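Report on the structure given below.
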Amino acid sequence: MVTRFDLPAGFRWGVSTAAYQIEGAVDEDGRGRSVWDAFCERPGAVKDGESGRIACDHYHRYGEDVELMRGLGLDGYRFSIAWPRVQPTGRGAANPAGLAFYDRLVDELLAAGITPLPTLFHWDLPQELEEGGGWPARDTAHRFVEYTELVADRLGDRVPAWITLNEPFVHMVFGYALGIHAPGHAMMLDALPAGHHQLLGHGLAAALLRERGHQVLIANNLTPVWAATDSPADLAAAEAYDALHNRLFTDPLLLARYPDLSAYGLAEDLGGCVRPGDLDLIAVPLDGLGVNYYNPTRIAAPTDPGLPFTEAEIENVPRTAFGWPVVPDGLRELLVNLRARYGDALPPITITENGCSTDATLDDRFRIDYLSGHLTALAQAHAQGVDVRGYFTWSLMDNFEWAEGYEQRFGLVHVDYATQRRTPKASYAWYRDAISSHHVG
Ligand code: PNW
């Protein structure tokens with residue numbers, strides 16, 4: 001069965017991964033330690049005490065993995081570069097052996113007709129930078145630019161477009177406020193500076209890349225926010241949540257200002273970390289906005305006084321193996337609302353992640369329905385005037401799902417971790433056919 005989606009000409013099809021989730025080889029070729037290596041050693045931090053020490057062994061098997069991508073007929077591949085491979089301590093000269101891996105990967109992709117779309121930071125900060133203060137320290141933004149320059153020097157002749165950061169919101173909240181991801185701080189006071197300094201690092205790196213003629217995107221995890229009821233208290237809570245999850249990252253990027261965070265008792269300087277001029281540095285023009293979409297969020301008035309909202313269940317919808325609600329139309333709603341909110345300040349959109357976890361089955365009808373539903377919603381957003389340029393599904397293959405270890409499987413390709421054997425699932429063939437029918441159509 002061939003499915004066609006009414007998407008624009010030139011639309012780009014891809015898959016996404018991230019370094020720590022697939023590479024393994026954590027001690028090889030001079031790679032330094034990252035915050036995730038350290039976090040995984042904490043008892044109880046990761047399900048079953050797992051880590052990315054071996055993961056999918058992609059560092060050694062990238063040739064086979066690019067072959068799998070070639071079989072899909074992809075236009076692009078979104079992967080991330082591990083900062084501690086490039087700069088083992090997060091500062092100073094490049095580690096040539098670390099950069100050489102990405103050099104080989106980029107060449108292999110180009111030979112397969114696939115455009116590389118690297119993400120510079122997908123959560124694996126060098127541990128030495130963490131020990132010097134990490135993202136809550138302003139200096140880390142400057143370290144990020146130096147690292148970016150080393151990578152661009154080596155790969156920039158073959159890489160047209162870059163994603164600076166992956167999901168600064170999730171990294172801020174899970175890593176610094178809740179402590180359920182690395183570096184495992186559960187310190188509300190650290191979270192906002194960690195968010196702001198990521199954005200500052202983005203802006204400084206984006207300026208450097210654009211000066212060299214590169215295209216720049218950032219990948220934000222965005223969610224449509226639904227008020228649990230129409231009561232004024234629920235509506236106000238939903239607005240407060242939207243300001244934190246969505247606008248805290250898109251308003252500075254697109255409008256050069258922070259949203260109203262008075263519901264959190266915060267002024268425009270976010271408790272003092274924002275310096276004069278920072279917002280102009282952050283709001284460098286973007287060539288595209290990467291959107292990672294998984295589900296909407298339903299919000300009600302707070303039940304405890306610590307936060308101005310509480311999360312409510314979304315009822316009567318299918319759930320992924322992770323328990324995440326499946327609401328394909330939320331993607332259309334999100335994009336149409338972004339267009340309404342930002343108007344001409346909204347750059348073209350690329351979906352940089354969307355996908356679901358299932359059990360280990362190869363017959364993953366559930367994933368096919370998930371992808372089909374979301375691509376339909378994407379086509380509808382396009383029909384409603386949103387400039388959508390591409391779709392990168394999460395993920396090429398099953399991988400290390402952070403604090404969930406290896407239990408949640410997001411891949412089009414099944415990985416048997418005992419043997420590292422890759423087996424395409426039903427969704428792999430479905431995605432290949434969706435891509436090829438679009439390419440001929
Ligand atoms: C994203 N949430 O993370 C990441 O970019 C990927 O590395 C990850 O594997 C993928 O989504 C699947 O989880 C998220 O709880 C983590 O809302 C958590 C949430 C959203 C995205």
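As shown in the structure tokens, the chain order sets the letters A, B, ...; within each chain, residues go from 1, and ligands are also counted from 1 in the order they appear.
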
Counting only C-alpha atoms, give me one row per residue of region 242-324 of chain A with an atom at most 12 Å from an atom of region 371-376 of chain A, showing the shortest contact pair and its distance in Å to one decimal, sorted by chain then residue number, as JSON lines.
{"residue": "A:Tyr293", "atom": "CA", "partner": "A:His374", "partner_atom": "CA", "distance": 9.5}
{"residue": "A:Tyr294", "atom": "CA", "partner": "A:His374", "partner_atom": "CA", "distance": 9.7}
{"residue": "A:Asn295", "atom": "CA", "partner": "A:His374", "partner_atom": "CA", "distance": 10.6}

Go ahead and write the residues just picked, C-alpha atoms, as a short mmCIF file (atom, residue, chain, number, x, y, z; two decimals), in the first residue's frame.
data_model
loop_
_atom_site.label_atom_id
_atom_site.label_comp_id
_atom_site.auth_asym_id
_atom_site.auth_seq_id
_atom_site.Cartn_x
_atom_site.Cartn_y
_atom_site.Cartn_z
CA TYR A 293 6.62 17.27 18.49
CA TYR A 294 5.42 14.33 20.57
CA ASN A 295 2.15 15.31 22.26
#

Selection as an MDAnalysis selection string: residues within 10 Å of ligand 1 by only C-alpha atoms and all ligand atoms
chainID A and resid 16:21 80 122:123 165:171 173:174 181 219:223 245 292:297 322 324 352:357 394:395 398:404 408:410

Write a file of the just-selected residues containing C-alpha atoms, as a CSV table (one decimal), in the first residue's frame.
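Resulting contents of selection_26.csv:
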chain,number,residue,atom,x,y,z
A,16,SER,CA,17.1,11.7,13.6
A,17,THR,CA,19.4,10.3,16.2
A,18,ALA,CA,21.8,11.6,18.9
A,19,ALA,CA,25.4,10.8,19.7
A,20,TYR,CA,25.1,9.5,23.3
A,21,GLN,CA,22.0,7.4,22.4
A,80,SER,CA,24.5,14.9,16.8
A,122,HIS,CA,22.3,17.1,22.2
A,123,TRP,CA,22.8,17.1,26.0
A,165,LEU,CA,20.8,22.9,20.3
A,166,ASN,CA,18.4,20.1,20.9
A,167,GLU,CA,15.5,21.0,23.1
A,168,PRO,CA,16.9,23.5,25.5
A,169,PHE,CA,13.6,23.3,27.4
A,170,VAL,CA,13.8,19.6,28.2
A,171,HIS,CA,17.5,19.9,29.0
A,173,VAL,CA,13.8,21.1,33.1
A,174,PHE,CA,14.9,17.5,33.2
A,181,HIS,CA,18.5,13.7,33.3
A,219,ALA,CA,15.4,22.2,17.5
A,220,ASN,CA,12.8,23.0,20.2
A,221,ASN,CA,10.4,20.6,21.9
A,222,LEU,CA,7.1,22.4,21.5
A,223,THR,CA,3.7,21.4,22.7
A,245,HIS,CA,7.5,25.4,27.8
A,292,ASN,CA,10.2,18.3,17.9
A,293,TYR,CA,6.6,17.3,18.5
A,294,TYR,CA,5.4,14.3,20.6
A,295,ASN,CA,2.1,15.3,22.3
A,296,PRO,CA,-0.1,18.1,23.5
A,297,THR,CA,-0.1,19.1,27.2
A,322,PHE,CA,5.9,5.2,27.1
A,324,TRP,CA,2.5,9.3,25.9
A,352,THR,CA,13.2,17.6,13.5
A,353,GLU,CA,11.7,14.8,15.7
A,354,ASN,CA,8.4,13.0,15.8
A,355,GLY,CA,7.8,9.3,16.6
A,356,CYS,CA,6.7,6.9,19.2
A,357,SER,CA,8.0,4.0,21.4
A,394,TRP,CA,12.7,9.9,15.7
A,395,SER,CA,14.4,7.5,15.3
A,398,ASP,CA,16.1,1.6,18.7
A,399,ASN,CA,18.5,3.3,21.1
A,400,PHE,CA,19.4,4.5,24.6
A,401,GLU,CA,16.4,6.3,25.7
A,402,TRP,CA,18.1,8.4,28.5
A,403,ALA,CA,16.7,7.7,32.0
A,404,GLU,CA,14.5,4.9,30.5
A,408,GLN,CA,11.5,2.2,25.2
A,409,ARG,CA,12.1,1.5,21.5
A,410,PHE,CA,11.6,4.4,19.0

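Closest to Gly24 (chain A) among A:Gly52, A:Gly405, A:Pro302, A:Gly175 is A:Gly52, based on only C-alpha atoms.
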
Please identify the alpha helix (DSSP H) residues within region 227-416 of chain A (assignment by DSSP from backbone atoms) and present them as a VMD selection string.
chain A and resid 232 to 242 248 to 255 278 to 282 329 to 342 365 to 383

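For region 172-249 of chain A, backbone-based DSSP labels the following residues as strand (DSSP E): Gln215, Val216, Leu217, Ile218, Ala219, Asn220, Asn221, Val225, Trp226 and Ala227 of chain A.
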
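Among the candidates A:Pro252, A:Gly49, A:Gly265, A:Pro424, the residue lying nearest to Asp363 (chain A) is A:Pro424 (atoms considered: only C-alpha atoms).
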
Could you list, with a cut-off of 9 Å and counting only C-alpha atoms, the residues of region 331-423 of chain A near region 61-70 of chain A, each shown with its nearest atom pair and the distance in Å rounded to one decimal, rows sorted by chain and ascending number, as a Markdown table?
| residue | atom | partner | partner_atom | distance |
| --- | --- | --- | --- | --- |
| A:Leu396 | CA | A:Met69 | CA | 7.8 |
| A:Met397 | CA | A:Asp65 | CA | 8.9 |
| A:Val413 | CA | A:Leu68 | CA | 8.5 |
| A:Arg422 | CA | A:Asp65 | CA | 8.7 |

Save the residues we just selected, N, CA and C atoms, as a PDB file, in the first residue's frame?
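Just written: out_22.pdb:
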ATOM      1  N   LEU A 396      15.916   6.524  13.637  1.00  0.00           N
ATOM      2  CA  LEU A 396      16.348   5.478  12.710  1.00  0.00           C
ATOM      3  C   LEU A 396      16.243   4.099  13.349  1.00  0.00           C
ATOM      4  N   MET A 397      16.795   3.975  14.529  1.00  0.00           N
ATOM      5  CA  MET A 397      16.840   2.640  15.161  1.00  0.00           C
ATOM      6  C   MET A 397      16.608   2.759  16.662  1.00  0.00           C
ATOM      7  N   VAL A 413      14.069   0.630  12.869  1.00  0.00           N
ATOM      8  CA  VAL A 413      14.896  -0.578  12.794  1.00  0.00           C
ATOM      9  C   VAL A 413      15.049  -1.116  14.208  1.00  0.00           C
ATOM     10  N   ARG A 422      20.740  -5.519  13.480  1.00  0.00           N
ATOM     11  CA  ARG A 422      19.694  -4.587  13.069  1.00  0.00           C
ATOM     12  C   ARG A 422      18.679  -5.315  12.193  1.00  0.00           C
TER      13      ARG A 422
END

Using only C-alpha atoms, find the one residue out of A:Ala321, A:Val86, A:Leu307, A:Ala38 that sits nearest to Met188 (chain A).
A:Leu307

Neighbouring residues of Asp27 (chain A) were defined as those with any atom within 12 Å, considering only C-alpha atoms; residues of the same chain fewer than 3 positions away were excluded. Please report them as a PyMOL selection string.
chain A and resi 23-24+30-34+37+52-54+59+84-85+88+98

For the selection you just gave me, I'd like the residues written to a file as an mmCIF file, in the first residue's frame, keeping N, CA, C and O atoms.
data_model
loop_
_atom_site.group_PDB
_atom_site.id
_atom_site.type_symbol
_atom_site.label_atom_id
_atom_site.label_comp_id
_atom_site.auth_asym_id
_atom_site.auth_seq_id
_atom_site.Cartn_x
_atom_site.Cartn_y
_atom_site.Cartn_z
ATOM 1 N N GLU A 23 26.042 5.962 19.768
ATOM 2 C CA GLU A 23 27.442 5.726 19.382
ATOM 3 C C GLU A 23 28.158 4.649 20.182
ATOM 4 O O GLU A 23 28.908 3.839 19.622
ATOM 5 N N GLY A 24 27.995 4.622 21.506
ATOM 6 C CA GLY A 24 28.856 3.756 22.318
ATOM 7 C C GLY A 24 30.286 4.261 22.242
ATOM 8 O O GLY A 24 30.521 5.463 22.082
ATOM 9 N N GLY A 30 40.259 8.996 22.311
ATOM 10 C CA GLY A 30 40.463 10.219 23.086
ATOM 11 C C GLY A 30 39.204 10.936 23.506
ATOM 12 O O GLY A 30 39.264 12.078 23.986
ATOM 13 N N ARG A 31 38.047 10.300 23.365
ATOM 14 C CA ARG A 31 36.810 10.963 23.810
ATOM 15 C C ARG A 31 36.888 11.245 25.305
ATOM 16 O O ARG A 31 37.265 10.405 26.110
ATOM 17 N N GLY A 32 36.483 12.432 25.708
ATOM 18 C CA GLY A 32 36.408 12.766 27.124
ATOM 19 C C GLY A 32 35.093 12.290 27.715
ATOM 20 O O GLY A 32 34.212 11.805 27.021
ATOM 21 N N ARG A 33 34.986 12.467 29.034
ATOM 22 C CA ARG A 33 33.754 12.078 29.716
ATOM 23 C C ARG A 33 32.694 13.157 29.530
ATOM 24 O O ARG A 33 33.004 14.346 29.514
ATOM 25 N N SER A 34 31.453 12.710 29.441
ATOM 26 C CA SER A 34 30.359 13.676 29.364
ATOM 27 C C SER A 34 29.517 13.575 30.624
ATOM 28 O O SER A 34 29.644 12.630 31.409
ATOM 29 N N ASP A 37 27.869 10.201 30.932
ATOM 30 C CA ASP A 37 28.677 9.087 31.460
ATOM 31 C C ASP A 37 28.627 9.116 32.979
ATOM 32 O O ASP A 37 28.479 8.081 33.631
ATOM 33 N N GLY A 52 24.997 4.541 28.042
ATOM 34 C CA GLY A 52 25.286 4.554 26.606
ATOM 35 C C GLY A 52 26.689 4.042 26.292
ATOM 36 O O GLY A 52 27.228 4.351 25.230
ATOM 37 N N ARG A 53 27.272 3.264 27.196
ATOM 38 C CA ARG A 53 28.649 2.807 27.020
ATOM 39 C C ARG A 53 28.833 2.056 25.698
ATOM 40 O O ARG A 53 29.849 2.210 25.009
ATOM 41 N N ILE A 54 27.844 1.228 25.355
ATOM 42 C CA ILE A 54 27.911 0.504 24.082
ATOM 43 C C ILE A 54 26.798 0.972 23.144
ATOM 44 O O ILE A 54 27.000 1.152 21.948
ATOM 45 N N TYR A 59 29.398 3.857 16.519
ATOM 46 C CA TYR A 59 30.745 4.371 16.252
ATOM 47 C C TYR A 59 31.514 3.408 15.345
ATOM 48 O O TYR A 59 32.305 3.838 14.504
ATOM 49 N N PRO A 84 32.400 16.053 23.772
ATOM 50 C CA PRO A 84 33.616 15.482 24.384
ATOM 51 C C PRO A 84 34.473 14.625 23.454
ATOM 52 O O PRO A 84 35.598 14.257 23.814
ATOM 53 N N ARG A 85 33.975 14.291 22.243
ATOM 54 C CA ARG A 85 34.894 13.669 21.273
ATOM 55 C C ARG A 85 35.759 14.747 20.625
ATOM 56 O O ARG A 85 36.915 14.501 20.283
ATOM 57 N N PRO A 88 37.822 16.980 24.522
ATOM 58 C CA PRO A 88 37.621 16.050 25.655
ATOM 59 C C PRO A 88 37.349 16.755 26.983
ATOM 60 O O PRO A 88 36.622 16.218 27.815
ATOM 61 N N GLY A 98 38.699 12.390 17.241
ATOM 62 C CA GLY A 98 37.260 12.533 17.456
ATOM 63 C C GLY A 98 36.581 13.159 16.251
ATOM 64 O O GLY A 98 35.539 12.684 15.775
#

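Of the listed residues A:Tyr264, A:Tyr176, A:Trp430, A:Tyr342, the one whose atoms come nearest to Pro308 (chain A) is A:Tyr264, with distances taken using only C-alpha atoms.
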
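One distance worth recording is that between CA of Trp162 (chain A) and CA of His214 (chain A), which is 7.4 Å.
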
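Counting only C-alpha atoms, the residue from A:Arg4, A:Arg365, A:Arg42, A:Arg339 that sits nearest to Gly184 (chain A) is A:Arg42.
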
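Between CA of Phe101 (chain A) and CA of Pro126 (chain A) the separation is 17.6 Å.
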
Can you pull out every residue within 12 Å of Arg210 (chain A), counting only C-alpha atoms, but drop anything in the same chain fewer than 3 positions away, and send it as a list in words?
Thr148, Glu149, Ala152, Gly156, Pro160, Ala161, Trp162, Ile163, Thr164, His202, Gly203, Leu204, Ala205, Ala206, Ala207, Gly213, His214, Gln215, Val216, Leu217, Val284, Pro285, Leu286 and Asp287 of chain A

Mind checking which residues fall within 12 Å of Gly277 (chain A), counting only C-alpha atoms, ignoring those fewer than 5 positions away in the same chain, and posting them as number ranges by chain?
A: 200, 203, 252, 256-257, 269, 282-283

Selection: 8 Å around Pro259 (chain A), only C-alpha atoms, excl. self and same-chain fewer than 6 positions, as a list in words:
Ala243, Arg247, Leu248, Asp251, Pro252 and Glu268 of chain A

Near Val336 (chain A), within 10 Å and counting only C-alpha atoms, which residues show up once chain neighbours fewer than 4 positions away are dropped, as a VMD selection string?
chain A and resid 330 to 332 340 to 341 378 380 to 382 384 to 387
